[in-house]
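Input: a single structure, listed below in structure tokens.
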Amino acid sequence: MKALAKLKSERGLWLTDVAKPEVGHNDLLIQIRKTAICGTDIHIYNWDEWAQKTIPVPMHVGHEYVGVVAGMGSEVKGFEIGDRVSGEGHITCGYCRNCRAGRRHLCRNTVGVGVNREGAFAEYLVIPAFNAFKLPPDISDDLASIFDPFGNAVHTALSFNLVGEDVLITGAGPIGIMAVAIARHVGARHVVVTDVNEYRLDLARKMGASRAVNVAKEDLREVMGQLHMCEGFDVGLEMSGNPQAFRQMLETMNHGGKIALLGIPPANTAIDWNQVIFKGLEIKGIYGREMFETWYKMVALIQSGLDITPIITHHYKIDDFQQGFDAMLSGQSGKVILDWA
Ligand code: NAD
Ligand code: ZN
């Protein structure tokens, strides 16, 4: 079958032919229809330090997808051939304390689809049936293919009650922009998002931001004044991984503020801990999505009118994958979708 793989320990990805994966007793075979490019795939493409020590070579990658069930192991229940599915890319062990207590997202033995094992950038993907999520008919293939990052946004944004709150989102990457739309949909008061990329700030405005602030040119405090927010933000969603953005968030939070951290900062990032202590801030780290609470919430949010479709800015056929990666690398994109069928 056709697959998009890391074939050499250098920058790039290559279309290649690999064996169709074998289906175990508890597995589903999924015929892939659409995939989306994640920031993680860009790290893998660029072959940065993290990718070099994490990704086996050769291996095909990718973990954002939608497809249809094309086969299943003898023990699988609850799925039929032809079911439309996406899936949770974190394969959990099932036996650690958190898994056994139903907190799968906190499994200490997580294996990542398309990171630690073969991925979804292929004609077929095999995952444990437990990880598959059956999609209702009113969720389009395009939207279903970005449920993984949408789930990051939902998990982070719904960590704290946003109703009537002033929310700061640092980083208007695809996940930050989706978080803007979610915060707006669930009833936040002001939703302020920061970035240094005008293309993305524009997208964030389209998705409902009260203000999308270019922190390279504008003073966030001035914007807060214009919105009559004299005390500070109630909730912060850190979605840039940029230390400067996190520091700015800490400085502009109100006392008692709550922060969810999704963005992955460089090792040994220093912050002013006094901001945390004397303001009595609550900080929560976010990894992945809650299994499968976040998935149900994603469907419910869309069915109740949340529109995240503007985040999908580019579509390419898989044979033109290079153009898709170039669009992502340019920074002038939201989500980029690659069609397989
Ligand atoms: P992205 O890299 O596309 O977006 C990050 C954005 O932050 C960019 O638009 C960038 O211009 C912006 N930025 C840079 N400097 C800034 C500053 N000083 N102030 C404000 N914004 C600034 O990433 P994404 O795909 O949207 O993901 C968001 C973050 O979440 C990344 O750090 C990613 O690694 C991380 N992530 C974490 C998890 C998890 O499970 N914890 C899952 C997915 C992604
Ligand atoms: Zn576990």
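Ligands are numbered from 1 in the order shown, residues from 1 within each chain, and chains are lettered A, B, ... in the order they appear in the structure tokens.
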
Looking only at strand (DSSP E or B) from DSSP on the backbone, list the matching residues of segment 162-224 of chain A as an MDAnalysis selection string. chainID A and resid 167:170 191:195 211:214

Please produce a file of those selected residues containing N, CA and C atoms, as an mmCIF file, in the first residue's frame.
data_model
loop_
_atom_site.group_PDB
_atom_site.id
_atom_site.type_symbol
_atom_site.label_atom_id
_atom_site.label_comp_id
_atom_site.auth_asym_id
_atom_site.auth_seq_id
_atom_site.Cartn_x
_atom_site.Cartn_y
_atom_site.Cartn_z
ATOM 1 N N VAL A 167 -10.867 35.451 28.918
ATOM 2 C CA VAL A 167 -9.943 34.358 28.597
ATOM 3 C C VAL A 167 -8.800 34.880 27.731
ATOM 4 N N LEU A 168 -7.577 34.534 28.107
ATOM 5 C CA LEU A 168 -6.412 34.842 27.274
ATOM 6 C C LEU A 168 -5.900 33.540 26.663
ATOM 7 N N ILE A 169 -5.773 33.536 25.348
ATOM 8 C CA ILE A 169 -5.192 32.386 24.651
ATOM 9 C C ILE A 169 -3.896 32.863 24.019
ATOM 10 N N THR A 170 -2.762 32.296 24.431
ATOM 11 C CA THR A 170 -1.485 32.689 23.835
ATOM 12 C C THR A 170 -1.136 31.654 22.766
ATOM 13 N N VAL A 191 -12.592 37.082 24.743
ATOM 14 C CA VAL A 191 -11.610 36.063 24.348
ATOM 15 C C VAL A 191 -10.504 36.790 23.589
ATOM 16 N N VAL A 192 -9.359 36.954 24.253
ATOM 17 C CA VAL A 192 -8.233 37.666 23.650
ATOM 18 C C VAL A 192 -7.180 36.630 23.274
ATOM 19 N N VAL A 193 -6.700 36.721 22.032
ATOM 20 C CA VAL A 193 -5.686 35.763 21.587
ATOM 21 C C VAL A 193 -4.461 36.529 21.118
ATOM 22 N N THR A 194 -3.283 35.990 21.411
ATOM 23 C CA THR A 194 -2.040 36.646 21.001
ATOM 24 C C THR A 194 -1.245 35.751 20.057
ATOM 25 N N ASP A 195 -0.500 36.385 19.182
ATOM 26 C CA ASP A 195 0.441 35.689 18.295
ATOM 27 C C ASP A 195 1.349 36.757 17.710
ATOM 28 N N ARG A 211 -10.448 40.214 20.601
ATOM 29 C CA ARG A 211 -9.285 40.909 20.053
ATOM 30 C C ARG A 211 -8.197 39.891 19.752
ATOM 31 N N ALA A 212 -7.571 40.025 18.585
ATOM 32 C CA ALA A 212 -6.429 39.180 18.225
ATOM 33 C C ALA A 212 -5.217 40.105 18.168
ATOM 34 N N VAL A 213 -4.299 39.920 19.098
ATOM 35 C CA VAL A 213 -3.256 40.911 19.354
ATOM 36 C C VAL A 213 -1.902 40.421 18.848
ATOM 37 N N ASN A 214 -1.290 41.241 17.990
ATOM 38 C CA ASN A 214 0.073 40.941 17.553
ATOM 39 C C ASN A 214 1.027 41.526 18.598
#

Counting only C-alpha atoms and all ligand atoms, what residues are within 7 Å of ligand 1, given as a PDB file with all heavy atoms, in the first residue's frame?
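Written file, out_34.pdb:
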ATOM      1  N   CYS A  38      -0.124  17.683  11.286  1.00  0.00           N
ATOM      2  CA  CYS A  38       0.016  18.224  12.647  1.00  0.00           C
ATOM      3  C   CYS A  38       1.372  18.911  12.782  1.00  0.00           C
ATOM      4  O   CYS A  38       2.302  18.611  12.024  1.00  0.00           O
ATOM      5  CB  CYS A  38      -0.071  17.066  13.639  1.00  0.00           C
ATOM      6  SG  CYS A  38       0.242  17.543  15.352  1.00  0.00           S
ATOM      7  N   GLY A  39       1.489  19.794  13.755  1.00  0.00           N
ATOM      8  CA  GLY A  39       2.784  20.399  14.081  1.00  0.00           C
ATOM      9  C   GLY A  39       3.830  19.325  14.354  1.00  0.00           C
ATOM     10  O   GLY A  39       5.008  19.484  14.006  1.00  0.00           O
ATOM     11  N   THR A  40       3.399  18.217  14.947  1.00  0.00           N
ATOM     12  CA  THR A  40       4.322  17.106  15.220  1.00  0.00           C
ATOM     13  C   THR A  40       4.900  16.558  13.912  1.00  0.00           C
ATOM     14  O   THR A  40       6.089  16.220  13.840  1.00  0.00           O
ATOM     15  CB  THR A  40       3.569  15.976  15.963  1.00  0.00           C
ATOM     16  OG1 THR A  40       3.046  16.532  17.164  1.00  0.00           O
ATOM     17  CG2 THR A  40       4.478  14.811  16.291  1.00  0.00           C
ATOM     18  N   PRO A 149      -6.426  17.296  16.842  1.00  0.00           N
ATOM     19  CA  PRO A 149      -6.079  18.617  17.379  1.00  0.00           C
ATOM     20  C   PRO A 149      -7.284  19.382  17.931  1.00  0.00           C
ATOM     21  O   PRO A 149      -7.152  20.140  18.903  1.00  0.00           O
ATOM     22  CB  PRO A 149      -5.466  19.343  16.182  1.00  0.00           C
ATOM     23  CG  PRO A 149      -6.051  18.664  14.981  1.00  0.00           C
ATOM     24  CD  PRO A 149      -6.206  17.226  15.376  1.00  0.00           C
ATOM     25  N   ASN A 152      -7.459  18.403  21.355  1.00  0.00           N
ATOM     26  CA  ASN A 152      -6.504  19.121  22.215  1.00  0.00           C
ATOM     27  C   ASN A 152      -7.112  20.448  22.654  1.00  0.00           C
ATOM     28  O   ASN A 152      -7.015  20.840  23.817  1.00  0.00           O
ATOM     29  CB  ASN A 152      -5.194  19.407  21.472  1.00  0.00           C
ATOM     30  CG  ASN A 152      -4.409  18.173  21.131  1.00  0.00           C
ATOM     31  OD1 ASN A 152      -3.872  18.046  20.030  1.00  0.00           O
ATOM     32  ND2 ASN A 152      -4.321  17.236  22.052  1.00  0.00           N
ATOM     33  N   THR A 170      -2.762  32.296  24.431  1.00  0.00           N
ATOM     34  CA  THR A 170      -1.485  32.689  23.835  1.00  0.00           C
ATOM     35  C   THR A 170      -1.136  31.654  22.766  1.00  0.00           C
ATOM     36  O   THR A 170      -1.038  30.466  23.051  1.00  0.00           O
ATOM     37  CB  THR A 170      -0.377  32.775  24.904  1.00  0.00           C
ATOM     38  OG1 THR A 170      -0.452  31.634  25.759  1.00  0.00           O
ATOM     39  CG2 THR A 170      -0.534  34.020  25.744  1.00  0.00           C
ATOM     40  N   GLY A 171      -0.965  32.144  21.524  1.00  0.00           N
ATOM     41  CA  GLY A 171      -0.657  31.260  20.390  1.00  0.00           C
ATOM     42  C   GLY A 171      -1.878  31.024  19.534  1.00  0.00           C
ATOM     43  O   GLY A 171      -2.790  30.316  19.942  1.00  0.00           O
ATOM     44  N   ALA A 172      -1.892  31.624  18.342  1.00  0.00           N
ATOM     45  CA  ALA A 172      -3.001  31.425  17.403  1.00  0.00           C
ATOM     46  C   ALA A 172      -2.608  30.424  16.326  1.00  0.00           C
ATOM     47  O   ALA A 172      -2.836  30.634  15.140  1.00  0.00           O
ATOM     48  CB  ALA A 172      -3.421  32.750  16.781  1.00  0.00           C
ATOM     49  N   GLY A 173      -1.979  29.325  16.758  1.00  0.00           N
ATOM     50  CA  GLY A 173      -1.804  28.187  15.857  1.00  0.00           C
ATOM     51  C   GLY A 173      -3.177  27.548  15.659  1.00  0.00           C
ATOM     52  O   GLY A 173      -4.170  28.011  16.230  1.00  0.00           O
ATOM     53  N   PRO A 174      -3.251  26.498  14.860  1.00  0.00           N
ATOM     54  CA  PRO A 174      -4.549  25.852  14.642  1.00  0.00           C
ATOM     55  C   PRO A 174      -5.271  25.523  15.954  1.00  0.00           C
ATOM     56  O   PRO A 174      -6.486  25.722  16.056  1.00  0.00           O
ATOM     57  CB  PRO A 174      -4.170  24.577  13.883  1.00  0.00           C
ATOM     58  CG  PRO A 174      -2.910  24.936  13.159  1.00  0.00           C
ATOM     59  CD  PRO A 174      -2.178  25.883  14.058  1.00  0.00           C
ATOM     60  N   ILE A 175      -4.545  25.056  16.953  1.00  0.00           N
ATOM     61  CA  ILE A 175      -5.208  24.654  18.199  1.00  0.00           C
ATOM     62  C   ILE A 175      -5.690  25.888  18.967  1.00  0.00           C
ATOM     63  O   ILE A 175      -6.816  25.921  19.472  1.00  0.00           O
ATOM     64  CB  ILE A 175      -4.276  23.767  19.053  1.00  0.00           C
ATOM     65  CG1 ILE A 175      -3.889  22.510  18.248  1.00  0.00           C
ATOM     66  CG2 ILE A 175      -4.960  23.371  20.359  1.00  0.00           C
ATOM     67  CD1 ILE A 175      -2.915  21.572  18.949  1.00  0.00           C
ATOM     68  N   GLY A 176      -4.860  26.923  19.024  1.00  0.00           N
ATOM     69  CA  GLY A 176      -5.263  28.156  19.704  1.00  0.00           C
ATOM     70  C   GLY A 176      -6.489  28.780  19.048  1.00  0.00           C
ATOM     71  O   GLY A 176      -7.401  29.264  19.729  1.00  0.00           O
ATOM     72  N   THR A 194      -3.283  35.990  21.411  1.00  0.00           N
ATOM     73  CA  THR A 194      -2.040  36.646  21.001  1.00  0.00           C
ATOM     74  C   THR A 194      -1.245  35.751  20.057  1.00  0.00           C
ATOM     75  O   THR A 194      -1.327  34.528  20.128  1.00  0.00           O
ATOM     76  CB  THR A 194      -1.133  36.986  22.209  1.00  0.00           C
ATOM     77  OG1 THR A 194      -0.742  35.766  22.861  1.00  0.00           O
ATOM     78  CG2 THR A 194      -1.833  37.882  23.201  1.00  0.00           C
ATOM     79  N   ASP A 195      -0.500  36.385  19.182  1.00  0.00           N
ATOM     80  CA  ASP A 195       0.441  35.689  18.295  1.00  0.00           C
ATOM     81  C   ASP A 195       1.349  36.757  17.710  1.00  0.00           C
ATOM     82  O   ASP A 195       1.231  37.951  18.051  1.00  0.00           O
ATOM     83  CB  ASP A 195      -0.311  34.896  17.191  1.00  0.00           C
ATOM     84  CG  ASP A 195       0.515  33.733  16.651  1.00  0.00           C
ATOM     85  OD1 ASP A 195       1.557  33.986  16.026  1.00  0.00           O
ATOM     86  OD2 ASP A 195       0.123  32.562  16.865  1.00  0.00           O
ATOM     87  N   VAL A 196       2.249  36.340  16.817  1.00  0.00           N
ATOM     88  CA  VAL A 196       3.090  37.302  16.100  1.00  0.00           C
ATOM     89  C   VAL A 196       2.901  37.124  14.594  1.00  0.00           C
ATOM     90  O   VAL A 196       3.639  37.698  13.804  1.00  0.00           O
ATOM     91  CB  VAL A 196       4.585  37.126  16.482  1.00  0.00           C
ATOM     92  CG1 VAL A 196       4.823  37.550  17.934  1.00  0.00           C
ATOM     93  CG2 VAL A 196       5.047  35.673  16.278  1.00  0.00           C
ATOM     94  N   ASN A 197       1.906  36.307  14.226  1.00  0.00           N
ATOM     95  CA  ASN A 197       1.672  35.938  12.822  1.00  0.00           C
ATOM     96  C   ASN A 197       0.315  36.510  12.392  1.00  0.00           C
ATOM     97  O   ASN A 197      -0.731  36.095  12.878  1.00  0.00           O
ATOM     98  CB  ASN A 197       1.703  34.402  12.751  1.00  0.00           C
ATOM     99  CG  ASN A 197       1.344  33.852  11.379  1.00  0.00           C
ATOM    100  OD1 ASN A 197       0.514  34.406  10.663  1.00  0.00           O
ATOM    101  ND2 ASN A 197       1.952  32.735  11.032  1.00  0.00           N
ATOM    102  N   ARG A 200      -2.520  34.243  10.926  1.00  0.00           N
ATOM    103  CA  ARG A 200      -3.222  33.438  11.930  1.00  0.00           C
ATOM    104  C   ARG A 200      -4.095  34.312  12.831  1.00  0.00           C
ATOM    105  O   ARG A 200      -5.188  33.897  13.234  1.00  0.00           O
ATOM    106  CB  ARG A 200      -2.202  32.649  12.736  1.00  0.00           C
ATOM    107  CG  ARG A 200      -1.603  31.570  11.866  1.00  0.00           C
ATOM    108  CD  ARG A 200      -0.572  30.747  12.535  1.00  0.00           C
ATOM    109  NE  ARG A 200      -0.495  29.430  11.897  1.00  0.00           N
ATOM    110  CZ  ARG A 200       0.239  28.437  12.354  1.00  0.00           C
ATOM    111  NH1 ARG A 200       0.965  28.604  13.445  1.00  0.00           N
ATOM    112  NH2 ARG A 200       0.254  27.277  11.726  1.00  0.00           N
ATOM    113  N   VAL A 215       1.569  40.664  19.453  1.00  0.00           N
ATOM    114  CA  VAL A 215       2.368  41.152  20.584  1.00  0.00           C
ATOM    115  C   VAL A 215       3.723  41.710  20.140  1.00  0.00           C
ATOM    116  O   VAL A 215       4.426  42.326  20.948  1.00  0.00           O
ATOM    117  CB  VAL A 215       2.557  40.061  21.673  1.00  0.00           C
ATOM    118  CG1 VAL A 215       1.274  39.830  22.433  1.00  0.00           C
ATOM    119  CG2 VAL A 215       3.090  38.759  21.080  1.00  0.00           C
ATOM    120  N   MET A 239      -1.051  28.126  24.423  1.00  0.00           N
ATOM    121  CA  MET A 239      -1.078  27.270  23.244  1.00  0.00           C
ATOM    122  C   MET A 239      -0.006  27.649  22.241  1.00  0.00           C
ATOM    123  O   MET A 239      -0.162  27.432  21.037  1.00  0.00           O
ATOM    124  CB  MET A 239      -2.463  27.345  22.611  1.00  0.00           C
ATOM    125  CG  MET A 239      -3.516  26.874  23.601  1.00  0.00           C
ATOM    126  SD  MET A 239      -5.101  26.681  22.861  1.00  0.00           S
ATOM    127  CE  MET A 239      -5.750  25.304  23.794  1.00  0.00           C
ATOM    128  N   SER A 240       1.091  28.236  22.736  1.00  0.00           N
ATOM    129  CA  SER A 240       2.184  28.604  21.830  1.00  0.00           C
ATOM    130  C   SER A 240       3.457  27.809  22.104  1.00  0.00           C
ATOM    131  O   SER A 240       4.266  27.603  21.201  1.00  0.00           O
ATOM    132  CB  SER A 240       2.505  30.096  21.970  1.00  0.00           C
ATOM    133  OG  SER A 240       3.184  30.350  23.187  1.00  0.00           O
ATOM    134  N   GLY A 241       3.678  27.411  23.337  1.00  0.00           N
ATOM    135  CA  GLY A 241       4.952  26.796  23.704  1.00  0.00           C
ATOM    136  C   GLY A 241       6.067  27.818  23.780  1.00  0.00           C
ATOM    137  O   GLY A 241       7.230  27.471  23.980  1.00  0.00           O
ATOM    138  N   ASN A 242       5.710  29.097  23.642  1.00  0.00           N
ATOM    139  CA  ASN A 242       6.718  30.169  23.634  1.00  0.00           C
ATOM    140  C   ASN A 242       6.878  30.733  25.056  1.00  0.00           C
ATOM    141  O   ASN A 242       5.904  31.209  25.646  1.00  0.00           O
ATOM    142  CB  ASN A 242       6.275  31.261  22.659  1.00  0.00           C
ATOM    143  CG  ASN A 242       7.288  32.369  22.556  1.00  0.00           C
ATOM    144  OD1 ASN A 242       7.475  33.138  23.492  1.00  0.00           O
ATOM    145  ND2 ASN A 242       7.963  32.447  21.437  1.00  0.00           N
ATOM    146  N   GLN A 244       8.098  33.449  26.233  1.00  0.00           N
ATOM    147  CA  GLN A 244       7.711  34.846  26.371  1.00  0.00           C
ATOM    148  C   GLN A 244       6.192  34.976  26.496  1.00  0.00           C
ATOM    149  O   GLN A 244       5.680  35.779  27.284  1.00  0.00           O
ATOM    150  CB  GLN A 244       8.226  35.624  25.149  1.00  0.00           C
ATOM    151  CG  GLN A 244       8.469  37.080  25.393  1.00  0.00           C
ATOM    152  CD  GLN A 244       9.199  37.334  26.704  1.00  0.00           C
ATOM    153  OE1 GLN A 244      10.219  36.709  27.002  1.00  0.00           O
ATOM    154  NE2 GLN A 244       8.652  38.230  27.526  1.00  0.00           N
ATOM    155  N   ALA A 245       5.488  34.158  25.728  1.00  0.00           N
ATOM    156  CA  ALA A 245       4.014  34.186  25.776  1.00  0.00           C
ATOM    157  C   ALA A 245       3.518  33.726  27.139  1.00  0.00           C
ATOM    158  O   ALA A 245       2.588  34.306  27.719  1.00  0.00           O
ATOM    159  CB  ALA A 245       3.442  33.291  24.675  1.00  0.00           C
ATOM    160  N   LEU A 262      -0.990  23.763  27.338  1.00  0.00           N
ATOM    161  CA  LEU A 262      -0.925  22.761  26.272  1.00  0.00           C
ATOM    162  C   LEU A 262       0.389  22.880  25.500  1.00  0.00           C
ATOM    163  O   LEU A 262       1.026  21.890  25.159  1.00  0.00           O
ATOM    164  CB  LEU A 262      -2.096  22.932  25.296  1.00  0.00           C
ATOM    165  CG  LEU A 262      -2.074  21.931  24.140  1.00  0.00           C
ATOM    166  CD1 LEU A 262      -2.846  20.676  24.499  1.00  0.00           C
ATOM    167  CD2 LEU A 262      -2.611  22.539  22.855  1.00  0.00           C
ATOM    168  N   GLY A 263       0.792  24.120  25.220  1.00  0.00           N
ATOM    169  CA  GLY A 263       2.012  24.382  24.445  1.00  0.00           C
ATOM    170  C   GLY A 263       3.217  23.783  25.150  1.00  0.00           C
ATOM    171  O   GLY A 263       3.283  23.773  26.385  1.00  0.00           O
ATOM    172  N   ILE A 264       4.148  23.276  24.351  1.00  0.00           N
ATOM    173  CA  ILE A 264       5.303  22.589  24.926  1.00  0.00           C
ATOM    174  C   ILE A 264       6.507  23.530  24.869  1.00  0.00           C
ATOM    175  O   ILE A 264       7.042  23.813  23.790  1.00  0.00           O
ATOM    176  CB  ILE A 264       5.587  21.283  24.161  1.00  0.00           C
ATOM    177  CG1 ILE A 264       4.325  20.402  24.220  1.00  0.00           C
ATOM    178  CG2 ILE A 264       6.796  20.562  24.737  1.00  0.00           C
ATOM    179  CD1 ILE A 264       4.344  19.217  23.280  1.00  0.00           C
ATOM    180  N   PRO A 265       6.928  24.065  26.031  1.00  0.00           N
ATOM    181  CA  PRO A 265       8.035  25.025  26.037  1.00  0.00           C
ATOM    182  C   PRO A 265       9.379  24.306  25.938  1.00  0.00           C
ATOM    183  O   PRO A 265       9.463  23.100  26.190  1.00  0.00           O
ATOM    184  CB  PRO A 265       7.887  25.716  27.395  1.00  0.00           C
ATOM    185  CG  PRO A 265       7.235  24.699  28.268  1.00  0.00           C
ATOM    186  CD  PRO A 265       6.410  23.801  27.382  1.00  0.00           C
ATOM    187  N   ILE A 286      -1.743  19.858  30.267  1.00  0.00           N
ATOM    188  CA  ILE A 286      -2.695  19.123  29.421  1.00  0.00           C
ATOM    189  C   ILE A 286      -1.924  18.217  28.471  1.00  0.00           C
ATOM    190  O   ILE A 286      -1.009  18.666  27.775  1.00  0.00           O
ATOM    191  CB  ILE A 286      -3.524  20.096  28.542  1.00  0.00           C
ATOM    192  CG1 ILE A 286      -4.244  21.125  29.396  1.00  0.00           C
ATOM    193  CG2 ILE A 286      -4.489  19.320  27.644  1.00  0.00           C
ATOM    194  CD1 ILE A 286      -5.430  20.623  30.153  1.00  0.00           C
ATOM    195  N   TYR A 287      -2.316  16.971  28.413  1.00  0.00           N
ATOM    196  CA  TYR A 287      -1.707  16.068  27.436  1.00  0.00           C
ATOM    197  C   TYR A 287      -2.825  15.340  26.691  1.00  0.00           C
ATOM    198  O   TYR A 287      -3.655  14.666  27.301  1.00  0.00           O
ATOM    199  CB  TYR A 287      -0.788  15.066  28.150  1.00  0.00           C
ATOM    200  CG  TYR A 287      -0.051  14.150  27.205  1.00  0.00           C
ATOM    201  CD1 TYR A 287       0.659  14.660  26.124  1.00  0.00           C
ATOM    202  CD2 TYR A 287      -0.058  12.780  27.401  1.00  0.00           C
ATOM    203  CE1 TYR A 287       1.331  13.829  25.255  1.00  0.00           C
ATOM    204  CE2 TYR A 287       0.627  11.925  26.528  1.00  0.00           C
ATOM    205  CZ  TYR A 287       1.321  12.460  25.459  1.00  0.00           C
ATOM    206  OH  TYR A 287       1.979  11.629  24.597  1.00  0.00           O
ATOM    207  N   GLY A 288      -2.849  15.520  25.389  1.00  0.00           N
ATOM    208  CA  GLY A 288      -3.794  14.776  24.550  1.00  0.00           C
ATOM    209  C   GLY A 288      -5.241  15.150  24.793  1.00  0.00           C
ATOM    210  O   GLY A 288      -5.595  16.315  24.994  1.00  0.00           O
TER     211      GLY A 288
END

For ligand 2, list the contacting residues at 8 Å or closer, counting only C-alpha atoms and all ligand atoms, as a VMD selection string. chain A and resid 92 to 100 104 106 to 110

Include N, CA and C atoms and write out the residues we just selected as a PDB file, in the first residue's frame.
ATOM      1  N   THR A  92      -3.047   3.340  24.955  1.00  0.00           N
ATOM      2  CA  THR A  92      -2.730   3.259  26.384  1.00  0.00           C
ATOM      3  C   THR A  92      -2.607   1.796  26.805  1.00  0.00           C
ATOM      4  N   CYS A  93      -1.965   1.578  27.972  1.00  0.00           N
ATOM      5  CA  CYS A  93      -1.585   0.203  28.314  1.00  0.00           C
ATOM      6  C   CYS A  93      -2.750  -0.624  28.840  1.00  0.00           C
ATOM      7  N   GLY A  94      -3.701   0.028  29.522  1.00  0.00           N
ATOM      8  CA  GLY A  94      -4.839  -0.706  30.060  1.00  0.00           C
ATOM      9  C   GLY A  94      -4.601  -1.339  31.414  1.00  0.00           C
ATOM     10  N   TYR A  95      -3.345  -1.352  31.891  1.00  0.00           N
ATOM     11  CA  TYR A  95      -3.096  -2.018  33.175  1.00  0.00           C
ATOM     12  C   TYR A  95      -2.477  -1.122  34.252  1.00  0.00           C
ATOM     13  N   CYS A  96      -2.023   0.090  33.908  1.00  0.00           N
ATOM     14  CA  CYS A  96      -1.464   0.961  34.946  1.00  0.00           C
ATOM     15  C   CYS A  96      -2.603   1.481  35.821  1.00  0.00           C
ATOM     16  N   ARG A  97      -2.267   2.109  36.933  1.00  0.00           N
ATOM     17  CA  ARG A  97      -3.291   2.543  37.877  1.00  0.00           C
ATOM     18  C   ARG A  97      -4.301   3.488  37.219  1.00  0.00           C
ATOM     19  N   ASN A  98      -3.790   4.486  36.455  1.00  0.00           N
ATOM     20  CA  ASN A  98      -4.711   5.448  35.841  1.00  0.00           C
ATOM     21  C   ASN A  98      -5.614   4.787  34.801  1.00  0.00           C
ATOM     22  N   CYS A  99      -5.035   3.906  33.986  1.00  0.00           N
ATOM     23  CA  CYS A  99      -5.872   3.210  32.994  1.00  0.00           C
ATOM     24  C   CYS A  99      -6.978   2.435  33.706  1.00  0.00           C
ATOM     25  N   ARG A 100      -6.593   1.706  34.757  1.00  0.00           N
ATOM     26  CA  ARG A 100      -7.578   0.868  35.445  1.00  0.00           C
ATOM     27  C   ARG A 100      -8.622   1.713  36.161  1.00  0.00           C
ATOM     28  N   ARG A 104      -7.569   7.182  31.236  1.00  0.00           N
ATOM     29  CA  ARG A 104      -6.657   6.715  30.189  1.00  0.00           C
ATOM     30  C   ARG A 104      -5.695   7.804  29.716  1.00  0.00           C
ATOM     31  N   LEU A 106      -4.086   9.747  31.318  1.00  0.00           N
ATOM     32  CA  LEU A 106      -2.948   9.877  32.234  1.00  0.00           C
ATOM     33  C   LEU A 106      -2.097   8.604  32.269  1.00  0.00           C
ATOM     34  N   CYS A 107      -2.316   7.716  31.313  1.00  0.00           N
ATOM     35  CA  CYS A 107      -1.517   6.481  31.233  1.00  0.00           C
ATOM     36  C   CYS A 107      -0.037   6.832  31.144  1.00  0.00           C
ATOM     37  N   ARG A 108       0.794   6.136  31.915  1.00  0.00           N
ATOM     38  CA  ARG A 108       2.230   6.439  31.896  1.00  0.00           C
ATOM     39  C   ARG A 108       2.959   5.638  30.816  1.00  0.00           C
ATOM     40  N   ASN A 109       2.228   4.790  30.096  1.00  0.00           N
ATOM     41  CA  ASN A 109       2.866   3.923  29.087  1.00  0.00           C
ATOM     42  C   ASN A 109       2.324   4.183  27.681  1.00  0.00           C
ATOM     43  N   THR A 110       1.867   5.415  27.445  1.00  0.00           N
ATOM     44  CA  THR A 110       1.238   5.757  26.165  1.00  0.00           C
ATOM     45  C   THR A 110       2.184   5.555  24.978  1.00  0.00           C
TER      46      THR A 110
END

Counting only C-alpha atoms, the residue of A:Leu227, A:Ile302, A:Ala216, A:Ala101 that sits nearest Ile182 of chain A: A:Ile302

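Here the question is which of A:Glu10, A:Asp83, A:Glu75, A:Asp17 gets nearest to Gln52 of chain A using only C-alpha atoms, and that residue is A:Glu10.
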
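When the distance limit is 6 Å and only C-alpha atoms are what count, the residues near Ile30 of chain A, minus those fewer than 5 positions from it on the same chain, are A:Gly67, A:Val68, A:Val69, A:Ala70, A:Tyr124, A:Leu125.
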
Grab the residues selected above and save them as a JSON list (two decimals), in the first residue's frame with N, CA and C atoms.
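To be explicit, this is the file written out as selection.json:
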[["chain", "number", "residue", "atom", "x", "y", "z"],
["A", 67, "GLY", "N", -11.47, 7.65, 8.34],
["A", 67, "GLY", "CA", -11.51, 6.55, 7.39],
["A", 67, "GLY", "C", -12.72, 5.68, 7.64],
["A", 68, "VAL", "N", -12.75, 4.54, 6.95],
["A", 68, "VAL", "CA", -13.86, 3.60, 7.17],
["A", 68, "VAL", "C", -13.29, 2.24, 7.58],
["A", 69, "VAL", "N", -14.06, 1.54, 8.42],
["A", 69, "VAL", "CA", -13.64, 0.22, 8.89],
["A", 69, "VAL", "C", -13.66, -0.74, 7.69],
["A", 70, "ALA", "N", -12.50, -1.36, 7.44],
["A", 70, "ALA", "CA", -12.37, -2.27, 6.29],
["A", 70, "ALA", "C", -12.09, -3.70, 6.74],
["A", 124, "TYR", "N", -3.99, 2.25, 4.59],
["A", 124, "TYR", "CA", -4.65, 1.54, 5.69],
["A", 124, "TYR", "C", -3.90, 1.77, 7.00],
["A", 125, "LEU", "N", -4.70, 1.80, 8.08],
["A", 125, "LEU", "CA", -4.13, 1.93, 9.43],
["A", 125, "LEU", "C", -4.75, 0.85, 10.31]]

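Counting only C-alpha atoms and comparing A:Asp307, A:Asp234, A:Glu22, A:Asp48, the residue that lies closest to Phe160 of chain A is A:Asp234.
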
Contact residues around Asp27 of chain A with only C-alpha atoms at 10 Å, ignoring same-chain residues under 4 positions, as a PyMOL selection string: chain A and resi 22-23+71-76+125-132
